[in-house]
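*Asks:* Below is the file run-v4.pdb, which contains PDB, C-alpha atoms and all ligand atoms.
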```pdb
ATOM      1  CA  MET A   1     112.446  74.090  -9.103
ATOM      2  CA  LEU A   2     111.807  77.828  -8.848
ATOM      3  CA  GLU A   3     108.258  76.991  -7.864
ATOM      4  CA  GLY A   4     109.564  74.864  -4.993
ATOM      5  CA  LEU A   5     111.988  77.579  -3.907
ATOM      6  CA  ASN A   6     109.216  80.165  -3.800
ATOM      7  CA  ALA A   7     106.905  77.803  -1.907
ATOM      8  CA  PHE A   8     109.741  77.213   0.581
ATOM      9  CA  LYS A   9     110.134  80.957   1.036
ATOM     10  CA  ASP A  10     106.388  81.276   1.654
ATOM     11  CA  VAL A  11     106.279  78.633   4.391
ATOM     12  CA  LEU A  12     109.411  80.089   6.033
ATOM     13  CA  ALA A  13     107.535  83.371   6.463
ATOM     14  CA  THR A  14     105.252  81.807   9.072
ATOM     15  CA  ALA A  15     107.520  79.095  10.483
ATOM     16  CA  GLY A  16     108.686  79.767  14.034
ATOM     17  CA  ARG A  17     110.991  76.782  14.384
ATOM     18  CA  VAL A  18     112.539  74.725  11.613
ATOM     19  CA  LEU A  19     114.098  71.242  11.769
ATOM     20  CA  ILE A  20     116.731  70.311   9.177
ATOM     21  CA  SER A  21     118.537  67.027   8.566
ATOM     22  CA  THR A  22     120.351  64.961   5.949
ATOM     23  CA  HIS A  23     121.116  61.328   5.134
ATOM     24  CA  VAL A  24     122.808  58.670   7.288
ATOM     25  CA  ASN A  25     126.554  58.085   6.774
ATOM     26  CA  PRO A  26     126.806  61.754   5.805
ATOM     27  CA  ASP A  27     129.364  62.589   3.111
ATOM     28  CA  GLY A  28     130.941  65.962   2.396
ATOM     29  CA  ASP A  29     127.941  67.241   0.478
ATOM     30  CA  ALA A  30     125.500  66.147   3.190
ATOM     31  CA  VAL A  31     127.517  67.764   5.993
ATOM     32  CA  GLY A  32     128.439  70.896   4.054
ATOM     33  CA  SER A  33     124.961  71.566   2.708
ATOM     34  CA  LEU A  34     123.304  70.851   6.074
ATOM     35  CA  LEU A  35     125.626  73.238   7.919
ATOM     36  CA  GLY A  36     125.391  75.832   5.155
ATOM     37  CA  LEU A  37     121.596  75.633   5.112
ATOM     38  CA  ARG A  38     121.536  76.111   8.894
ATOM     39  CA  ARG A  39     123.521  79.330   8.550
ATOM     40  CA  VAL A  40     121.517  80.614   5.578
ATOM     41  CA  LEU A  41     118.189  80.075   7.368
ATOM     42  CA  ARG A  42     119.535  81.687  10.546
ATOM     43  CA  ALA A  43     120.763  84.668   8.575
ATOM     44  CA  TYR A  44     117.226  84.934   7.223
ATOM     45  CA  GLY A  45     115.989  85.143  10.818
ATOM     46  CA  VAL A  46     114.559  81.657  11.251
ATOM     47  CA  ALA A  47     115.125  79.566  14.412
ATOM     48  CA  VAL A  48     116.637  76.398  12.958
ATOM     49  CA  THR A  49     117.822  73.166  14.547
ATOM     50  CA  ALA A  50     119.982  70.719  12.573
ATOM     51  CA  VAL A  51     119.803  67.060  13.635
ATOM     52  CA  LEU A  52     121.859  64.189  12.234
ATOM     53  CA  ALA A  53     121.180  60.478  12.719
ATOM     54  CA  ASP A  54     124.944  59.758  12.571
ATOM     55  CA  PRO A  55     127.779  61.856  13.985
ATOM     56  CA  VAL A  56     129.625  64.252  11.680
ATOM     57  CA  PRO A  57     132.679  62.305  10.354
ATOM     58  CA  VAL A  58     135.969  63.431  11.926
ATOM     59  CA  LYS A  59     137.348  64.872   8.696
ATOM     60  CA  TYR A  60     134.342  67.162   8.257
ATOM     61  CA  ARG A  61     134.254  68.448  11.838
ATOM     62  CA  PHE A  62     136.334  71.474  10.848
ATOM     63  CA  LEU A  63     133.304  72.630   8.859
ATOM     64  CA  ALA A  64     130.990  72.650  11.868
ATOM     65  CA  ASP A  65     130.593  76.138  13.292
ATOM     66  CA  GLU A  66     128.433  74.534  15.991
ATOM     67  CA  PRO A  67     127.765  70.919  17.004
ATOM     68  CA  VAL A  68     124.950  68.953  15.346
ATOM     69  CA  PRO A  69     122.881  66.975  17.888
ATOM     70  CA  GLY A  70     121.686  63.417  17.327
ATOM     71  CA  PRO A  71     118.047  62.251  17.362
ATOM     72  CA  ARG A  72     118.295  61.168  21.017
ATOM     73  CA  ASP A  73     119.506  64.536  22.257
ATOM     74  CA  ASP A  74     117.823  65.473  25.583
ATOM     75  CA  GLU A  75     117.488  69.156  24.746
ATOM     76  CA  LEU A  76     115.812  68.265  21.451
ATOM     77  CA  ALA A  77     113.258  66.046  23.204
ATOM     78  CA  ARG A  78     112.598  68.712  25.852
ATOM     79  CA  SER A  79     112.206  71.637  23.488
ATOM     80  CA  THR A  80     109.971  69.829  21.015
ATOM     81  CA  THR A  81     107.402  68.790  23.643
ATOM     82  CA  THR A  82     106.719  72.433  24.553
ATOM     83  CA  ASP A  83     107.545  74.060  21.221
ATOM     84  CA  PRO A  84     107.323  71.652  18.267
ATOM     85  CA  PHE A  85     108.827  72.433  14.861
ATOM     86  CA  ASP A  86     106.649  74.169  12.263
ATOM     87  CA  LEU A  87     108.623  72.885   9.302
ATOM     88  CA  ALA A  88     111.071  70.070   8.475
ATOM     89  CA  VAL A  89     113.676  70.203   5.692
ATOM     90  CA  PHE A  90     115.681  67.185   4.513
ATOM     91  CA  ILE A  91     118.590  67.874   2.208
ATOM     92  CA  ASP A  92     120.665  65.524  -0.020
ATOM     93  CA  ALA A  93     118.422  62.531   0.764
ATOM     94  CA  SER A  94     116.971  60.706  -2.248
ATOM     95  CA  GLU A  95     114.257  59.107  -0.138
ATOM     96  CA  LEU A  96     112.806  59.698   3.314
ATOM     97  CA  GLU A  97     114.264  56.465   4.714
ATOM     98  CA  ARG A  98     117.793  57.746   3.983
ATOM     99  CA  VAL A  99     117.396  60.209   6.862
ATOM    100  CA  GLY A 100     117.509  57.185   9.189
ATOM    101  CA  GLU A 101     116.324  57.584  12.757
ATOM    102  CA  VAL A 102     115.392  61.224  12.101
ATOM    103  CA  ALA A 103     112.895  59.997   9.470
ATOM    104  CA  GLU A 104     111.350  57.657  12.033
ATOM    105  CA  ARG A 105     111.006  60.299  14.727
ATOM    106  CA  PHE A 106     110.650  63.734  13.155
ATOM    107  CA  ALA A 107     106.849  63.624  12.974
ATOM    108  CA  GLN A 108     106.645  63.535  16.782
ATOM    109  CA  TRP A 109     108.910  66.622  17.006
ATOM    110  CA  CYS A 110     106.754  68.634  14.588
ATOM    111  CA  ARG A 111     103.332  70.124  15.088
ATOM    112  CA  PRO A 112     100.581  68.251  13.226
ATOM    113  CA  GLY A 113     100.452  69.251   9.580
ATOM    114  CA  ALA A 114     103.958  70.766   9.545
ATOM    115  CA  PRO A 115     105.149  70.741   5.923
ATOM    116  CA  LEU A 116     108.140  68.663   4.848
ATOM    117  CA  VAL A 117     110.620  70.151   2.345
ATOM    118  CA  ASN A 118     112.790  67.906   0.142
ATOM    119  CA  ILE A 119     115.954  69.570  -1.251
ATOM    120  CA  ASP A 120     118.098  67.216  -3.324
ATOM    121  CA  HIS A 121     119.997  66.538  -6.548
ATOM    122  CA  HIS A 122     119.730  62.737  -6.891
ATOM    123  CA  ILE A 123     118.155  61.607 -10.135
ATOM    124  CA  GLY A 124     116.266  58.834  -8.339
ATOM    125  CA  ASN A 125     114.752  61.179  -5.739
ATOM    126  CA  THR A 126     111.334  59.782  -4.837
ATOM    127  CA  GLY A 127     109.734  63.230  -4.682
ATOM    128  CA  PHE A 128     108.730  62.758  -1.031
ATOM    129  CA  GLY A 129     107.526  65.721   0.999
ATOM    130  CA  ASP A 130     105.148  68.634   0.502
ATOM    131  CA  ILE A 131     107.611  71.014  -1.148
ATOM    132  CA  VAL A 132     110.076  69.463  -3.579
ATOM    133  CA  ILE A 133     113.231  71.301  -4.640
ATOM    134  CA  VAL A 134     115.050  68.673  -6.688
ATOM    135  CA  ASP A 135     117.414  69.350  -9.583
ATOM    136  CA  PRO A 136     119.243  66.256 -10.881
ATOM    137  CA  GLY A 137     121.248  68.532 -13.164
ATOM    138  CA  ARG A 138     123.122  69.826 -10.132
ATOM    139  CA  ALA A 139     126.297  68.070  -9.026
ATOM    140  CA  SER A 140     125.734  68.751  -5.317
ATOM    141  CA  SER A 141     123.137  69.810  -2.788
ATOM    142  CA  GLY A 142     125.523  72.568  -1.738
ATOM    143  CA  GLU A 143     124.672  74.364  -4.985
ATOM    144  CA  LEU A 144     120.977  74.170  -4.113
ATOM    145  CA  VAL A 145     121.669  75.915  -0.791
ATOM    146  CA  LEU A 146     123.089  78.784  -2.843
ATOM    147  CA  GLU A 147     119.785  78.887  -4.740
ATOM    148  CA  VAL A 148     117.901  79.002  -1.444
ATOM    149  CA  ALA A 149     120.132  81.865  -0.253
ATOM    150  CA  ASP A 150     119.431  83.769  -3.472
ATOM    151  CA  VAL A 151     115.666  83.374  -3.187
ATOM    152  CA  LEU A 152     115.803  84.528   0.442
ATOM    153  CA  GLY A 153     118.184  87.375  -0.335
ATOM    154  CA  VAL A 154     120.796  86.078   2.114
ATOM    155  CA  THR A 155     124.446  87.022   1.536
ATOM    156  CA  ILE A 156     126.927  84.139   1.868
ATOM    157  CA  ASP A 157     129.518  84.818   4.580
ATOM    158  CA  PRO A 158     133.001  83.168   4.606
ATOM    159  CA  VAL A 159     131.996  80.406   7.075
ATOM    160  CA  THR A 160     128.979  79.408   4.986
ATOM    161  CA  ALA A 161     131.101  79.689   1.827
ATOM    162  CA  ARG A 162     133.589  77.179   3.244
ATOM    163  CA  GLN A 163     130.812  74.714   4.132
ATOM    164  CA  LEU A 164     129.163  74.934   0.733
ATOM    165  CA  TYR A 165     132.481  74.830  -1.134
ATOM    166  CA  ALA A 166     133.318  71.568   0.672
ATOM    167  CA  ALA A 167     129.934  70.222  -0.457
ATOM    168  CA  VAL A 168     130.560  71.038  -4.123
ATOM    169  CA  LEU A 169     134.188  69.895  -3.968
ATOM    170  CA  THR A 170     133.442  66.449  -2.540
ATOM    171  CA  ASP A 171     130.359  65.613  -4.632
ATOM    172  CA  THR A 172     132.201  66.467  -7.854
ATOM    173  CA  GLY A 173     135.221  64.381  -6.787
ATOM    174  CA  ARG A 174     137.377  67.522  -6.697
ATOM    175  CA  PHE A 175     135.791  68.752  -9.929
ATOM    176  CA  GLN A 176     136.733  65.543 -11.754
ATOM    177  CA  PHE A 177     133.557  63.436 -11.913
ATOM    178  CA  SER A 178     131.312  63.496 -14.968
ATOM    179  CA  ASN A 179     128.765  65.595 -13.044
ATOM    180  CA  THR A 180     131.233  68.506 -12.938
ATOM    181  CA  ASN A 181     129.683  71.184 -15.127
ATOM    182  CA  GLU A 182     129.548  74.902 -15.639
ATOM    183  CA  ALA A 183     127.013  75.320 -12.825
ATOM    184  CA  SER A 184     129.172  73.506 -10.258
ATOM    185  CA  LEU A 185     132.300  75.423 -11.260
ATOM    186  CA  CYS A 186     130.442  78.748 -11.222
ATOM    187  CA  ALA A 187     129.055  77.916  -7.769
ATOM    188  CA  ALA A 188     132.581  77.112  -6.584
ATOM    189  CA  GLY A 189     133.891  80.366  -8.025
ATOM    190  CA  ARG A 190     131.170  82.286  -6.289
ATOM    191  CA  LEU A 191     131.971  80.587  -2.990
ATOM    192  CA  VAL A 192     135.663  81.418  -3.346
ATOM    193  CA  ARG A 193     134.691  85.036  -3.934
ATOM    194  CA  ALA A 194     132.569  84.823  -0.761
ATOM    195  CA  GLY A 195     135.590  83.721   1.256
ATOM    196  CA  ALA A 196     136.127  79.962   0.816
ATOM    197  CA  ASP A 197     139.805  79.019   0.579
ATOM    198  CA  PRO A 198     140.214  76.115  -1.918
ATOM    199  CA  GLN A 199     143.664  75.084  -0.723
ATOM    200  CA  THR A 200     142.946  74.741   3.001
ATOM    201  CA  ILE A 201     139.606  73.020   2.399
ATOM    202  CA  ALA A 202     141.173  70.467   0.012
ATOM    203  CA  GLU A 203     144.021  69.856   2.449
ATOM    204  CA  ARG A 204     141.714  69.253   5.399
ATOM    205  CA  ILE A 205     139.558  66.817   3.444
ATOM    206  CA  TYR A 206     142.022  64.986   1.197
ATOM    207  CA  PHE A 207     145.552  65.362   2.503
ATOM    208  CA  GLU A 208     145.170  64.744   6.220
ATOM    209  CA  ARG A 209     143.702  61.289   6.202
ATOM    210  CA  PRO A 210     144.500  58.755   8.915
ATOM    211  CA  ALA A 211     147.233  56.200   8.224
ATOM    212  CA  ALA A 212     144.576  53.511   8.693
ATOM    213  CA  PHE A 213     142.828  54.742   5.547
ATOM    214  CA  TYR A 214     145.936  54.072   3.461
ATOM    215  CA  ARG A 215     146.549  50.722   5.157
ATOM    216  CA  LEU A 216     142.992  49.686   4.359
ATOM    217  CA  LEU A 217     143.428  50.885   0.779
ATOM    218  CA  GLY A 218     146.616  48.819   0.433
ATOM    219  CA  HIS A 219     144.814  45.787   1.806
ATOM    220  CA  LEU A 220     141.913  46.247  -0.619
ATOM    221  CA  PHE A 221     144.202  46.578  -3.638
ATOM    222  CA  GLU A 222     146.150  43.501  -2.577
ATOM    223  CA  HIS A 223     142.965  41.451  -2.389
ATOM    224  CA  MET A 224     140.917  43.073  -5.158
ATOM    225  CA  THR A 225     138.790  40.857  -7.360
ATOM    226  CA  LEU A 226     139.096  41.462 -11.104
ATOM    227  CA  GLN A 227     136.337  39.841 -13.169
ATOM    228  CA  ALA A 228     135.041  39.784 -16.748
ATOM    229  CA  GLU A 229     138.502  40.110 -18.258
ATOM    230  CA  GLY A 230     139.347  42.965 -15.961
ATOM    231  CA  ARG A 231     136.272  45.074 -16.708
ATOM    232  CA  ILE A 232     134.975  44.670 -13.136
ATOM    233  CA  CYS A 233     136.894  45.443  -9.953
ATOM    234  CA  VAL A 234     135.543  44.653  -6.496
ATOM    235  CA  PHE A 235     136.948  45.612  -3.086
ATOM    236  CA  ALA A 236     135.437  43.803  -0.104
ATOM    237  CA  VAL A 237     136.057  44.161   3.609
ATOM    238  CA  SER A 238     134.518  42.457   6.636
ATOM    239  CA  ARG A 239     133.537  44.184   9.858
ATOM    240  CA  GLU A 240     136.383  42.482  11.740
ATOM    241  CA  GLU A 241     138.967  43.661   9.202
ATOM    242  CA  THR A 242     137.612  47.206   9.333
ATOM    243  CA  ALA A 243     137.794  47.233  13.130
ATOM    244  CA  ALA A 244     141.400  45.991  12.981
ATOM    245  CA  PHE A 245     142.378  48.884  10.696
ATOM    246  CA  PHE A 246     140.489  51.599  12.559
ATOM    247  CA  ARG A 247     141.336  50.766  16.157
ATOM    248  CA  ASP A 248     140.326  54.229  17.363
ATOM    249  CA  GLY A 249     136.829  53.745  15.904
ATOM    250  CA  HIS A 250     137.142  56.751  13.567
ATOM    251  CA  TYR A 251     136.233  54.816  10.468
ATOM    252  CA  ASP A 252     137.045  56.569   7.177
ATOM    253  CA  SER A 253     136.526  54.919   3.806
ATOM    254  CA  GLU A 254     135.017  57.793   1.846
ATOM    255  CA  GLY A 255     136.257  57.829  -1.732
ATOM    256  CA  ILE A 256     137.754  54.340  -1.560
ATOM    257  CA  VAL A 257     135.286  53.064  -4.138
ATOM    258  CA  ASP A 258     136.652  55.597  -6.645
ATOM    259  CA  PHE A 259     139.941  53.686  -6.731
ATOM    260  CA  THR A 260     138.194  50.594  -8.152
ATOM    261  CA  VAL A 261     137.626  52.339 -11.485
ATOM    262  CA  GLN A 262     141.132  53.815 -11.606
ATOM    263  CA  VAL A 263     142.550  50.415 -12.533
ATOM    264  CA  GLU A 264     143.384  50.138 -16.238
ATOM    265  CA  GLY A 265     140.628  48.407 -18.195
ATOM    266  CA  VAL A 266     138.046  48.520 -15.400
ATOM    267  CA  GLU A 267     134.629  49.870 -16.415
ATOM    268  CA  ILE A 268     132.638  49.307 -13.240
ATOM    269  CA  GLY A 269     133.785  48.933  -9.673
ATOM    270  CA  ALA A 270     132.311  48.186  -6.286
ATOM    271  CA  PHE A 271     133.357  48.594  -2.691
ATOM    272  CA  LEU A 272     131.535  46.101  -0.503
ATOM    273  CA  ARG A 273     131.808  46.569   3.229
ATOM    274  CA  GLN A 274     130.130  44.727   6.029
ATOM    275  CA  THR A 275     128.189  47.100   8.277
ATOM    276  CA  GLY A 276     126.206  44.629  10.401
ATOM    277  CA  GLU A 277     125.804  40.964  11.328
ATOM    278  CA  ARG A 278     124.575  39.929   7.856
ATOM    279  CA  ILE A 279     124.422  43.414   6.330
ATOM    280  CA  PHE A 280     126.667  44.763   3.578
ATOM    281  CA  ARG A 281     126.792  48.198   2.005
ATOM    282  CA  ALA A 282     127.886  48.286  -1.636
ATOM    283  CA  SER A 283     129.071  51.479  -3.345
ATOM    284  CA  LEU A 284     129.263  51.318  -7.124
ATOM    285  CA  ARG A 285     131.122  53.378  -9.702
ATOM    286  CA  SER A 286     131.154  53.458 -13.500
ATOM    287  CA  ARG A 287     133.826  54.902 -15.713
ATOM    288  CA  GLY A 288     132.211  54.086 -19.030
ATOM    289  CA  GLU A 289     128.729  53.648 -20.432
ATOM    290  CA  ILE A 290     127.444  51.162 -17.867
ATOM    291  CA  ASN A 291     124.677  52.515 -15.630
ATOM    292  CA  VAL A 292     125.490  51.400 -12.070
ATOM    293  CA  ARG A 293     122.261  52.823 -10.680
ATOM    294  CA  ALA A 294     120.464  50.027 -12.560
ATOM    295  CA  ILE A 295     122.671  47.485 -10.736
ATOM    296  CA  ALA A 296     121.973  49.148  -7.364
ATOM    297  CA  GLU A 297     118.249  49.166  -8.101
ATOM    298  CA  THR A 298     118.172  45.387  -8.522
ATOM    299  CA  PHE A 299     119.116  45.258  -4.822
ATOM    300  CA  GLY A 300     116.681  47.998  -3.781
ATOM    301  CA  GLY A 301     119.276  50.780  -3.870
ATOM    302  CA  GLY A 302     119.730  53.823  -6.069
ATOM    303  CA  GLY A 303     121.897  56.799  -6.909
ATOM    304  CA  HIS A 304     123.332  58.204 -10.100
ATOM    305  CA  GLU A 305     124.344  56.488 -13.360
ATOM    306  CA  LYS A 306     128.030  56.664 -12.496
ATOM    307  CA  ALA A 307     127.799  56.498  -8.699
ATOM    308  CA  ALA A 308     125.251  54.418  -6.837
ATOM    309  CA  GLY A 309     124.798  52.296  -3.737
ATOM    310  CA  CYS A 310     122.728  49.527  -2.220
ATOM    311  CA  THR A 311     122.469  47.232   0.780
ATOM    312  CA  LEU A 312     122.734  43.432   0.599
ATOM    313  CA  GLU A 313     122.005  40.789   3.205
ATOM    314  CA  GLY A 314     123.746  37.464   3.734
ATOM    315  CA  GLU A 315     127.229  36.078   4.290
ATOM    316  CA  MET A 316     130.317  37.612   2.690
ATOM    317  CA  PRO A 317     131.253  35.074  -0.027
ATOM    318  CA  GLU A 318     127.674  34.661  -1.220
ATOM    319  CA  VAL A 319     126.898  38.414  -1.112
ATOM    320  CA  ARG A 320     130.044  39.174  -3.095
ATOM    321  CA  GLU A 321     129.127  36.541  -5.700
ATOM    322  CA  ARG A 322     125.612  37.978  -6.035
ATOM    323  CA  LEU A 323     126.987  41.472  -6.520
ATOM    324  CA  ILE A 324     129.585  40.347  -9.071
ATOM    325  CA  ALA A 325     126.909  38.350 -10.948
ATOM    326  CA  ALA A 326     124.701  41.463 -11.216
ATOM    327  CA  MET A 327     127.663  43.562 -12.324
ATOM    328  CA  THR A 328     128.629  40.961 -14.938
ATOM    329  CA  ARG A 329     125.058  40.894 -16.316
ATOM    330  CA  SER A 330     125.171  44.665 -16.719
ATOM    331  CA  LEU A 331     128.103  44.325 -19.119
ATOM    332  CA  GLU A 332     126.091  42.192 -21.558
TER     333      GLU A 332
HETATM  334 MN    MN A 401     125.002  64.995  -2.689
END
```
Re-express the file's structure as structure tokens.

*Replies:*
Amino acid sequence: MLEGLNAFKDVLATAGRVLISTHVNPDGDAVGSLLGLRRVLRAYGVAVTAVLADPVPVKYRFLADEPVPGPRDDELARSTTTDPFDLAVFIDASELERVGEVAERFAQWCRPGAPLVNIDHHIGNTGFGDIVIVDPGRASSGELVLEVADVLGVTIDPVTARQLYAAVLTDTGRFQFSNTNEASLCAAGRLVRAGADPQTIAERIYFERPAAFYRLLGHLFEHMTLQAEGRICVFAVSREETAAFFRDGHYDSEGIVDFTVQVEGVEIGAFLRQTGERIFRASLRSRGEINVRAIAETFGGGGHEKAAGCTLEGEMPEVRERLIAAMTRSLE
């Protein structure tokens, strides 16, 4: 990883303009590490533009010191025709496709031969890109931004500290998931010393959620499917139901899947939500020995052993049955 960090530093020395992005449906780590990386690179003196295929979720907007444009931004199109990017950096994305529309279009915004840097902590990272800075031993990408700052000699200011703290906090499930380790806690401590306030950040992210989130949660618990003598718990929600809960369009279901494995006796859980006409996104969690990444992989997805995700196509009842069948097989 140090090799990658040094190679990144070398290419930054000659890069005039840098493009950075992260994965679609950005979570706290994606948003926090993207924003933190933008500030660290700017502090180093690099002209950096962050682009996100999806808007920053409402609950993470307090982290944004500046807006993050989308891939169809006019200014982006204008500036890249006259002055293309010299370098692209994707953070917290296990594969190039996870960057969504940015992955499809970034090549046309960059000068030919511009290197691509891959900064991530997912165990299933495909190793895409020219410079790879991947450490699956890290609980969050936010911690890797700290490593970048150290290599570049950039001091973390309080705004950056807040962004990176939010990244570590959310990807460790408030320092409760099995990935929480000495490194993640030390990183958090360092960020607090640099000016991050744990109480206000936790309150903004966890204790100011829309009523619709709790209504949806109640609905999911009421209709949860328990299978295999209660070792499997599945939440499922259709697009119509979701729209009925979130009438203002500010959809928020982050962390809902974690509740599936908080039911007594449950070892693996899934939250299945319809995202398109015949498209479903499944998030998976494990509380025991079962590797849910292996389940996700059977559907072309990936992730970590205890937290993974995949996309399924079809109609709700049949998709749910297929998912439950795969989960049941994993218990054998
Ligand atoms: Mn992450």

*Asks:* List the spatial neighbours of Thr126 in chain A as a list in words - criterion: any atom at most 10 Å away, all atoms listed in the file, same-chain residues fewer than 5 positions off excluded.

*Replies:*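 In the requested format, the answer is Ala93, Ser94, Glu95, Leu96, Asn118, Val132 and Val134 of chain A.
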
*Asks:* Would you list the contacts of Ala167 in chain A as number ranges by chain, taking every protein, DNA or RNA residue within 7 Å and counting all atoms listed in the file, but skipping same-chain residues closer than 6 positions in sequence?

*Replies:* A: 28-29, 32-33, 140, 142

*Asks:* Select the residues contacting ligand MN 401 (chain A) at a distance of at most 7 Å, based on all atoms listed in the file, then format the selection as a list in words.

*Replies:*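 Residues satisfying the distance criterion: Asp29, Ala30, Asp92, His121, Ser140, Ser141 and Asp171 of chain A.
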
*Asks:* So which residues get picked by the PyMOL selection byres (((chain A and resi 49) around 9) and not hetatm) here, written as an MDAnalysis selection string?

*Replies:* chainID A and resid 17:21 38 47:48 50:51 68:69 76

*Asks:* For Phe245 in chain A, work out the shell of residues within 8 Å, counting only C-alpha atoms and skipping chain neighbours fewer than 2 positions away, then give it as a list of chain:residue names.

*Replies:* A:Ala212, A:Phe213, A:Arg215, A:Leu216, A:Glu241, A:Thr242, A:Ala243, A:Arg247

*Asks:* Take the PyMOL selection byres (((chain A and resi 70-72) around 7) and not hetatm), apply it to the structure above, and return the hits as an MDAnalysis selection string.

*Replies:* chainID A and resid 51:54 68:69 73:74 101:102

*Asks:* Applying 9 Å and all atoms listed in the file, which residues near Ala183 in chain A remain after dropping the ones on its own chain fewer than 2 positions away? List them as a list in words.

*Replies:*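 The filter keeps Gly137, Arg138, Ala139, Glu143, Thr180, Asn181, Leu185, Cys186, Ala187 and Ala188 of chain A.
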
*Asks:* Can you list, as a list in words, every protein, DNA or RNA residue that comes within 8 Å of range 262-273 of chain A when you count all atoms listed in the file, leaving out same-chain residues fewer than 2 positions away?

*Replies:*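 Listed by chain and then number, they are Gly230, Arg231, Ile232, Cys233, Val234, Phe235, Ala236, Val237, Ser238, Arg239, Ile256, Val257, Asp258, Phe259, Thr260, Thr275, Phe280, Arg281, Ala282, Ser283, Leu284, Arg285, Ser286, Arg287, Gly288, Ile290, Val292, Arg320 and Met327 of chain A.
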
*Asks:* Would you mind exporting C-alpha atoms of the selected residues as a compact mmCIF listing (two decimals), keeping the file's coordinate frame?

*Replies:*
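As written to disk, selection.txt reads:
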```
# COMPACT_ATOMS: atom_id res chain seq x y z
CA GLY A 230 139.35 42.96 -15.96
CA ARG A 231 136.27 45.07 -16.71
CA ILE A 232 134.98 44.67 -13.14
CA CYS A 233 136.89 45.44 -9.95
CA VAL A 234 135.54 44.65 -6.50
CA PHE A 235 136.95 45.61 -3.09
CA ALA A 236 135.44 43.80 -0.10
CA VAL A 237 136.06 44.16 3.61
CA SER A 238 134.52 42.46 6.64
CA ARG A 239 133.54 44.18 9.86
CA ILE A 256 137.75 54.34 -1.56
CA VAL A 257 135.29 53.06 -4.14
CA ASP A 258 136.65 55.60 -6.64
CA PHE A 259 139.94 53.69 -6.73
CA THR A 260 138.19 50.59 -8.15
CA THR A 275 128.19 47.10 8.28
CA PHE A 280 126.67 44.76 3.58
CA ARG A 281 126.79 48.20 2.00
CA ALA A 282 127.89 48.29 -1.64
CA SER A 283 129.07 51.48 -3.34
CA LEU A 284 129.26 51.32 -7.12
CA ARG A 285 131.12 53.38 -9.70
CA SER A 286 131.15 53.46 -13.50
CA ARG A 287 133.83 54.90 -15.71
CA GLY A 288 132.21 54.09 -19.03
CA ILE A 290 127.44 51.16 -17.87
CA VAL A 292 125.49 51.40 -12.07
CA ARG A 320 130.04 39.17 -3.10
CA MET A 327 127.66 43.56 -12.32
```

*Asks:* Using only C-alpha atoms, pick whichever of A:Trp109, A:Glu208, A:Leu34, A:Arg39 has the shortest atom-to-atom distance to Glu75 in chain A.

*Replies:*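 Residue with the minimum atom-to-atom distance to Glu75 in chain A: A:Trp109.
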
*Asks:* Which is closer to Ala166 in chain A than all the others in A:Leu35, A:Ile295, A:Leu87, A:Val151, using all atoms listed in the file?

*Replies:*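 Going through A:Leu35, A:Ile295, A:Leu87, A:Val151 one by one, the smallest distance to Ala166 in chain A is for A:Leu35.
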
*Asks:* Which residue is closest to Glu332 in chain A? Choose from A:Val154, A:Leu217, A:Ala228, A:Cys110 and count all atoms listed in the file.

*Replies:*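 Using all atoms listed in the file, the shortest distance to Glu332 in chain A belongs to A:Ala228.
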
*Asks:* What residues come out when you apply the PyMOL selection byres (((chain A and resi 131) around 8) and not hetatm) to this file, written as a list in words?

*Replies:* Gly4, Ala7, Phe8, Pro115, Leu116, Val117, Asn118, Gly129, Asp130, Val132 and Ile133 of chain A

*Asks:* For CA of Pro84 in chain A and CA of Ala103 in chain A, determine how far apart the two atoms are, in Å to one decimal place.

*Replies:*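 Between CA of Pro84 in chain A and CA of Ala103 in chain A the gap works out to 15.6 Å.
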
*Asks:* What does the distance from CA of Ser330 in chain A to CA of Val168 in chain A come to in Å, to one decimal?

*Replies:* 29.7 Å

*Asks:* Calculate how many Å separate CA of Val31 in chain A from CA of Ala43 in chain A, rounding to one decimal.

*Replies:*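 Taking CA of Val31 in chain A and CA of Ala43 in chain A, their separation equals 18.4 Å.
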
*Asks:* Under the rule that all atoms listed in the file are counted, which of A:Gly36, A:Ala15, A:Glu321, A:Gln274 is the nearest residue to Ala161 in chain A?

*Replies:*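 Among the listed residues, the smallest separation from Ala161 in chain A belongs to A:Gly36.
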